[in-house]
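To be precise, the following lines are work-v7.pdb, and they hold PDB, C-alpha atoms.
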```pdb
ATOM      1  CA  MET A  30     -22.032  39.661  50.873
ATOM      2  CA  ILE A  31     -23.513  38.252  47.656
ATOM      3  CA  GLN A  32     -21.799  40.911  45.550
ATOM      4  CA  ARG A  33     -18.452  40.050  47.198
ATOM      5  CA  ARG A  34     -18.902  36.359  46.287
ATOM      6  CA  TRP A  35     -19.572  37.281  42.656
ATOM      7  CA  GLN A  36     -16.445  39.430  42.617
ATOM      8  CA  LEU A  37     -14.362  36.578  44.028
ATOM      9  CA  TRP A  38     -15.904  34.162  41.541
ATOM     10  CA  LEU A  39     -15.070  36.524  38.670
ATOM     11  CA  VAL A  40     -11.452  36.869  39.849
ATOM     12  CA  PHE A  41     -11.203  33.070  40.086
ATOM     13  CA  LEU A  42     -12.489  32.637  36.518
ATOM     14  CA  ILE A  43     -10.096  35.229  35.133
ATOM     15  CA  PHE A  44      -7.086  33.498  36.675
ATOM     16  CA  ALA A  45      -8.230  29.897  36.259
ATOM     17  CA  TRP A  46      -9.172  30.118  32.573
ATOM     18  CA  PRO A  47      -5.622  30.475  31.119
ATOM     19  CA  VAL A  48      -4.335  27.675  33.378
ATOM     20  CA  ARG A  49      -7.046  25.354  32.102
ATOM     21  CA  LEU A  50      -6.161  26.141  28.475
ATOM     22  CA  ALA A  51      -2.438  25.590  29.092
ATOM     23  CA  VAL A  52      -3.110  22.146  30.553
ATOM     24  CA  ALA A  53      -5.214  21.174  27.557
ATOM     25  CA  GLN A  54      -2.459  22.270  25.156
ATOM     26  CA  ASP A  55       0.196  20.339  27.082
ATOM     27  CA  ARG A  56      -1.775  17.100  27.080
ATOM     28  CA  VAL A  57       0.017  14.173  25.468
ATOM     29  CA  ILE A  58      -1.829  11.099  24.246
ATOM     30  CA  PRO A  59      -0.418   7.709  23.269
ATOM     31  CA  LEU A  60      -0.288   6.808  19.583
ATOM     32  CA  LYS A  61      -2.900   4.092  20.156
ATOM     33  CA  GLU A  62      -5.422   6.706  21.296
ATOM     34  CA  ALA A  63      -4.606   8.942  18.321
ATOM     35  CA  LEU A  64      -5.142   6.054  15.909
ATOM     36  CA  ASN A  65      -8.646   5.508  17.287
ATOM     37  CA  THR A  66      -9.808   8.924  16.074
ATOM     38  CA  THR A  67     -11.576   9.661  12.792
ATOM     39  CA  GLY A  68     -11.394  12.622  10.436
ATOM     40  CA  THR A  69      -8.041  13.596  11.934
ATOM     41  CA  VAL A  70      -4.470  14.067  10.780
ATOM     42  CA  ILE A  71      -1.266  12.939  12.420
ATOM     43  CA  MET A  72       1.283  15.582  11.473
ATOM     44  CA  ILE A  73       4.850  14.381  11.945
ATOM     45  CA  ARG A  74       7.877  16.619  11.750
ATOM     46  CA  HIS A  75      10.576  14.979   9.659
ATOM     47  CA  ALA A  76      13.170  12.961  11.584
ATOM     48  CA  LEU A  77      16.556  14.321  12.636
ATOM     49  CA  ALA A  78      18.322  16.219   9.848
ATOM     50  CA  PRO A  79      21.163  18.167  11.470
ATOM     51  CA  GLY A  80      21.581  21.811  10.624
ATOM     52  CA  PHE A  81      19.297  24.764  10.157
ATOM     53  CA  GLY A  82      17.274  25.599   7.058
ATOM     54  CA  ASP A  83      18.630  24.550   3.686
ATOM     55  CA  PRO A  84      21.826  25.426   1.800
ATOM     56  CA  SER A  85      21.777  28.533  -0.401
ATOM     57  CA  ASN A  86      21.837  26.363  -3.556
ATOM     58  CA  PHE A  87      18.628  24.549  -2.499
ATOM     59  CA  ARG A  88      16.541  22.847  -5.158
ATOM     60  CA  VAL A  89      13.517  20.749  -4.215
ATOM     61  CA  ASP A  90      14.266  18.247  -7.005
ATOM     62  CA  ASP A  91      17.898  17.640  -5.921
ATOM     63  CA  CYS A  92      18.532  16.009  -2.541
ATOM     64  CA  SER A  93      22.237  16.896  -2.697
ATOM     65  CA  THR A  94      21.241  20.574  -2.309
ATOM     66  CA  GLN A  95      19.170  19.971   0.825
ATOM     67  CA  ARG A  96      19.617  19.275   4.509
ATOM     68  CA  ASN A  97      18.995  15.525   4.816
ATOM     69  CA  LEU A  98      18.479  12.844   7.443
ATOM     70  CA  ASP A  99      21.590  11.514   9.122
ATOM     71  CA  ASP A 100      21.958   7.953  10.459
ATOM     72  CA  ARG A 101      20.099   8.870  13.647
ATOM     73  CA  GLY A 102      17.296  10.418  11.571
ATOM     74  CA  ARG A 103      16.967   7.279   9.466
ATOM     75  CA  GLN A 104      16.849   5.126  12.613
ATOM     76  CA  GLN A 105      14.324   7.505  14.159
ATOM     77  CA  SER A 106      12.100   7.234  11.050
ATOM     78  CA  GLN A 107      12.209   3.433  11.170
ATOM     79  CA  ALA A 108      11.401   3.447  14.893
ATOM     80  CA  ILE A 109       8.405   5.752  14.340
ATOM     81  CA  GLY A 110       7.108   3.427  11.648
ATOM     82  CA  GLN A 111       7.584   0.430  13.935
ATOM     83  CA  GLU A 112       5.332   2.076  16.532
ATOM     84  CA  PHE A 113       2.585   2.457  13.908
ATOM     85  CA  ARG A 114       3.016  -1.099  12.594
ATOM     86  CA  GLN A 115       2.883  -2.573  16.127
ATOM     87  CA  LEU A 116      -0.592  -1.058  16.350
ATOM     88  CA  ASN A 117      -1.546  -2.554  12.953
ATOM     89  CA  TYR A 118      -1.779   0.840  11.278
ATOM     90  CA  SER A 119      -1.488   0.832   7.524
ATOM     91  CA  ALA A 120      -2.145   3.917   5.418
ATOM     92  CA  PRO A 121      -3.610   3.995   1.921
ATOM     93  CA  VAL A 122      -1.333   7.034   1.432
ATOM     94  CA  VAL A 123       1.170   8.983   3.521
ATOM     95  CA  TYR A 124       1.380  12.611   2.425
ATOM     96  CA  SER A 125       4.800  14.226   2.562
ATOM     97  CA  SER A 126       6.462  17.517   1.874
ATOM     98  CA  PRO A 127       8.451  17.233  -1.353
ATOM     99  CA  TRP A 128      11.664  17.968   0.616
ATOM    100  CA  CYS A 129      13.939  14.908   0.696
ATOM    101  CA  ARG A 130      14.179  14.735   4.500
ATOM    102  CA  CYS A 131      10.372  14.470   4.710
ATOM    103  CA  LEU A 132      10.052  11.987   1.853
ATOM    104  CA  ASP A 133      12.809   9.842   3.382
ATOM    105  CA  THR A 134      11.150   9.960   6.808
ATOM    106  CA  ALA A 135       7.811   8.893   5.317
ATOM    107  CA  ARG A 136       9.342   6.100   3.211
ATOM    108  CA  LEU A 137      11.470   4.727   6.046
ATOM    109  CA  MET A 138       8.382   4.552   8.275
ATOM    110  CA  GLN A 139       7.015   1.884   5.889
ATOM    111  CA  ILE A 140       3.355   2.363   6.761
ATOM    112  CA  GLY A 141       2.017   3.030   3.264
ATOM    113  CA  PRO A 142       2.782   4.491  -0.150
ATOM    114  CA  VAL A 143       4.183   8.008  -0.005
ATOM    115  CA  THR A 144       2.819  10.896  -2.068
ATOM    116  CA  ALA A 145       4.544  14.274  -2.224
ATOM    117  CA  PHE A 146       2.108  17.108  -1.567
ATOM    118  CA  GLN A 147       3.104  20.722  -2.299
ATOM    119  CA  GLY A 148       0.917  22.066   0.525
ATOM    120  CA  LEU A 149       3.334  20.511   3.029
ATOM    121  CA  GLY A 150       6.441  22.282   1.671
ATOM    122  CA  SER A 151       8.492  24.514   3.944
ATOM    123  CA  PHE A 152       8.009  28.248   3.580
ATOM    124  CA  PHE A 153      10.653  28.918   6.257
ATOM    125  CA  GLU A 154      13.180  30.407   3.824
ATOM    126  CA  GLY A 155      10.700  31.448   1.161
ATOM    127  CA  HIS A 156      11.235  28.419  -1.101
ATOM    128  CA  VAL A 157       7.455  28.254  -1.462
ATOM    129  CA  ASP A 158       4.764  30.870  -0.969
ATOM    130  CA  ARG A 159       3.375  30.605   2.562
ATOM    131  CA  SER A 160      -0.176  31.679   1.738
ATOM    132  CA  GLN A 161      -0.472  29.381  -1.293
ATOM    133  CA  SER A 162       0.908  26.412   0.644
ATOM    134  CA  LEU A 163      -1.398  26.950   3.598
ATOM    135  CA  LYS A 164      -4.375  27.424   1.270
ATOM    136  CA  ALA A 165      -3.637  24.082  -0.447
ATOM    137  CA  LEU A 166      -3.079  22.377   2.904
ATOM    138  CA  SER A 167      -6.285  23.824   4.389
ATOM    139  CA  ALA A 168      -8.275  22.497   1.427
ATOM    140  CA  LYS A 169      -6.688  19.049   1.878
ATOM    141  CA  LEU A 170      -7.391  19.107   5.628
ATOM    142  CA  SER A 171     -11.041  20.029   4.990
ATOM    143  CA  SER A 172     -11.495  17.077   2.654
ATOM    144  CA  ILE A 173      -9.803  14.762   5.150
ATOM    145  CA  ALA A 174     -12.121  15.854   7.930
ATOM    146  CA  LYS A 175     -15.115  14.842   5.840
ATOM    147  CA  GLU A 176     -13.879  11.639   4.204
ATOM    148  CA  GLN A 177     -11.455   9.660   6.356
ATOM    149  CA  ARG A 178     -12.292   6.846   8.749
ATOM    150  CA  GLN A 179      -8.781   6.659  10.216
ATOM    151  CA  PRO A 180      -6.164   9.334  10.826
ATOM    152  CA  VAL A 181      -4.186  10.452   7.801
ATOM    153  CA  VAL A 182      -0.419  10.745   8.244
ATOM    154  CA  MET A 183       1.414  13.808   6.934
ATOM    155  CA  VAL A 184       5.171  14.312   7.208
ATOM    156  CA  THR A 185       6.230  17.929   7.032
ATOM    157  CA  HIS A 186       8.238  20.735   8.642
ATOM    158  CA  GLN A 187       8.076  22.530  11.974
ATOM    159  CA  VAL A 188       6.899  25.805  10.370
ATOM    160  CA  VAL A 189       3.977  24.086   8.654
ATOM    161  CA  ILE A 190       2.895  22.198  11.768
ATOM    162  CA  SER A 191       3.163  25.340  13.867
ATOM    163  CA  ALA A 192       1.174  27.412  11.352
ATOM    164  CA  ILE A 193      -1.683  24.884  11.383
ATOM    165  CA  THR A 194      -1.687  23.679  14.990
ATOM    166  CA  GLY A 195      -0.057  26.489  16.949
ATOM    167  CA  LEU A 196       2.343  23.949  18.478
ATOM    168  CA  GLY A 197       6.091  23.701  17.961
ATOM    169  CA  THR A 198       7.661  20.298  17.346
ATOM    170  CA  SER A 199      11.018  18.583  17.605
ATOM    171  CA  SER A 200      12.411  16.284  14.935
ATOM    172  CA  GLY A 201      10.259  13.162  14.712
ATOM    173  CA  GLU A 202       7.523  14.549  16.983
ATOM    174  CA  ALA A 203       3.841  14.101  16.116
ATOM    175  CA  ILE A 204       0.695  16.166  16.635
ATOM    176  CA  LEU A 205      -2.881  14.922  16.283
ATOM    177  CA  TYR A 206      -4.880  17.609  14.525
ATOM    178  CA  ASP A 207      -8.647  17.654  14.116
ATOM    179  CA  PRO A 208      -9.558  19.925  11.175
ATOM    180  CA  SER A 209     -13.228  20.063  12.183
ATOM    181  CA  ASP A 210     -12.582  21.856  15.472
ATOM    182  CA  GLN A 211      -8.921  22.832  15.007
ATOM    183  CA  ARG A 212      -7.790  21.031  18.149
ATOM    184  CA  ALA A 213      -4.188  19.891  18.358
ATOM    185  CA  ILE A 214      -2.775  17.383  20.846
ATOM    186  CA  ARG A 215       0.759  16.044  21.133
ATOM    187  CA  ILE A 216       1.249  12.330  20.534
ATOM    188  CA  ARG A 217       3.645  10.107  22.454
ATOM    189  CA  LEU A 218       5.099   7.926  19.715
ATOM    190  CA  ASN A 219       7.331   5.765  21.862
ATOM    191  CA  SER A 220       5.258   3.055  23.559
ATOM    192  CA  SER A 221       8.029   2.465  26.111
ATOM    193  CA  ASP A 222       7.666   6.017  27.521
TER
END
```

Translate the structure described by the file into structure tokens.
Amino acid sequence: MIQRRWQLWLVFLIFAWPVRLAVAQDRVIPLKEALNTTGTVIMIRHALAPGFGDPSNFRVDDCSTQRNLDDRGRQQSQAIGQEFRQLNYSAPVVYSSPWCRCLDTARLMQIGPVTAFQGLGSFFEGHVDRSQSLKALSAKLSSIAKEQRQPVVMVTHQVVISAITGLGTSSGEAILYDPSDQRAIRIRLNSSD
């Protein structure tokens, strides 16, 4: 009888464990809760920039050769920034991919001065070396985990966010990432949701 209970308990654990992990990964927290964390990063995928990838004549220093924000993307960026400002968040620096759609998203948010950071560049089409970018970003994330009192905001691309957090994102979506334990949680940016 005791052995049978242990077998049932083991079967329960095997099937319950993945369900528990899936719930934790699907958890969504409000922006206010995310802003109350320390040593963390809020990774935001750039706002809506219709299309896929970048044109074949892409150059990082020429916005006319890139996929850029449209009117909805610019409005989305401003709305994201408004959510941060309503919660009195102001950043000493907002890190951004050097791609124009990311820089524009970060600037239109108006939550702090924007600094382009190579470690946030998109390696989707091989415009930058994936391993070098992730190495630079990992070093930056390690320093953030040790030094920051409030979350740091980084605006980047889906491939970068996914490589670091394991989570996919839509345009303008945010993920709270804790470099110290590598936990990632989705953030609800719209306070009216």

- List the neighbours of region 173-186 of chain A out to 7 Å using only C-alpha atoms; skip same-chain residues closer than 4 positions along the sequence, and give me the result as a VMD selection string. chain A and resid 64 66 to 75 123 to 126 131 135 149 to 151 169 190 208 to 209

Six-sided padding of 5 Å per side, axis-aligned box over region 89-107 of chain A, centre and edges in Å, one decimal, as AutoDock Vina command-line options:
```
--center_x 17.2 --center_y 12.1 --center_z 3.6 --size_x 20.1 --size_y 27.3 --size_z 31.2
```

- Message: Report, in Å to a single decimal, how far apart CA of Asp91 (chain A) and CA of Val188 (chain A) are.
- Response: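 Calculated distance between CA of Val188 (chain A) and CA of Asp91 (chain A) is 21.3 Å.
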
- Separation of CA of Arg217 (chain A) from CA of Asn65 (chain A) in Å: 14.1 Å

- Item | Closest of A:Leu163, A:Ala213, A:Val122, A:Leu77 to Gly141 (chain A) - atom-to-atom distances counting only C-alpha atoms |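 That would be A:Val122, the residue with the smallest distance to Gly141 (chain A).
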
- Pick out the closest residue to Ala78 (chain A) from this set: A:Ser93, A:Gln161, A:Thr134, A:Gln115. Count all atoms listed in the file.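 Of all the options, A:Thr134 lies closest to Ala78 (chain A).
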
- Message: Just to confirm, what's the straight-line distance from CA of Val157 (chain A) to CA of Pro84 (chain A) in Å (one decimal)?
- Response: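 Those two atoms sit 15.0 Å apart.
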
- Please write the residues picked by the PyMOL selection byres ((chain A and resi 95) around 10) on this file as a list in words.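 For this structure, the PyMOL selection byres ((chain A and resi 95) around 10) resolves to Ala78, Gly82, Asp83, Pro84, Ser85, Asn86, Phe87, Arg88, Val89, Asp90, Asp91, Cys92, Ser93, Thr94, Arg96, Asn97, Leu98, Trp128, Cys129 and Arg130 of chain A.
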
- Hey, which of A:Gly102, A:Pro59, A:Pro127, A:Gly80 ends up closest to Ala145 (chain A)? Count all atoms listed in the file.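 Of the candidates, the smallest distance to Ala145 (chain A) is held by A:Pro127.
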
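The residue that comes closest to Arg136 (chain A), out of A:Lys164, A:Arg103, A:Arg56, A:Arg215 and on the basis of all atoms listed in the file, is A:Arg103.
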
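Nearest residue to Ala108 (chain A) among A:Gly195, A:Gln187, A:Ile214, A:Ile140 is A:Ile140, counting only C-alpha atoms.
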
- Message: Residues within 7 Å of Leu137 (chain A), please, as a list in words. Count all atoms listed in the file; anything in the same chain fewer than 4 positions from it doesn't count.
- Response: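 Residues near the query, excluding close chain neighbours: Arg103, Ser106, Gln107 and Asp133 of chain A.
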
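Using only C-alpha atoms for every distance, the candidate list A:Val189, A:Ile58, A:Ala76, A:Ala63 yields A:Ala76 as the residue closest to Gly201 (chain A).
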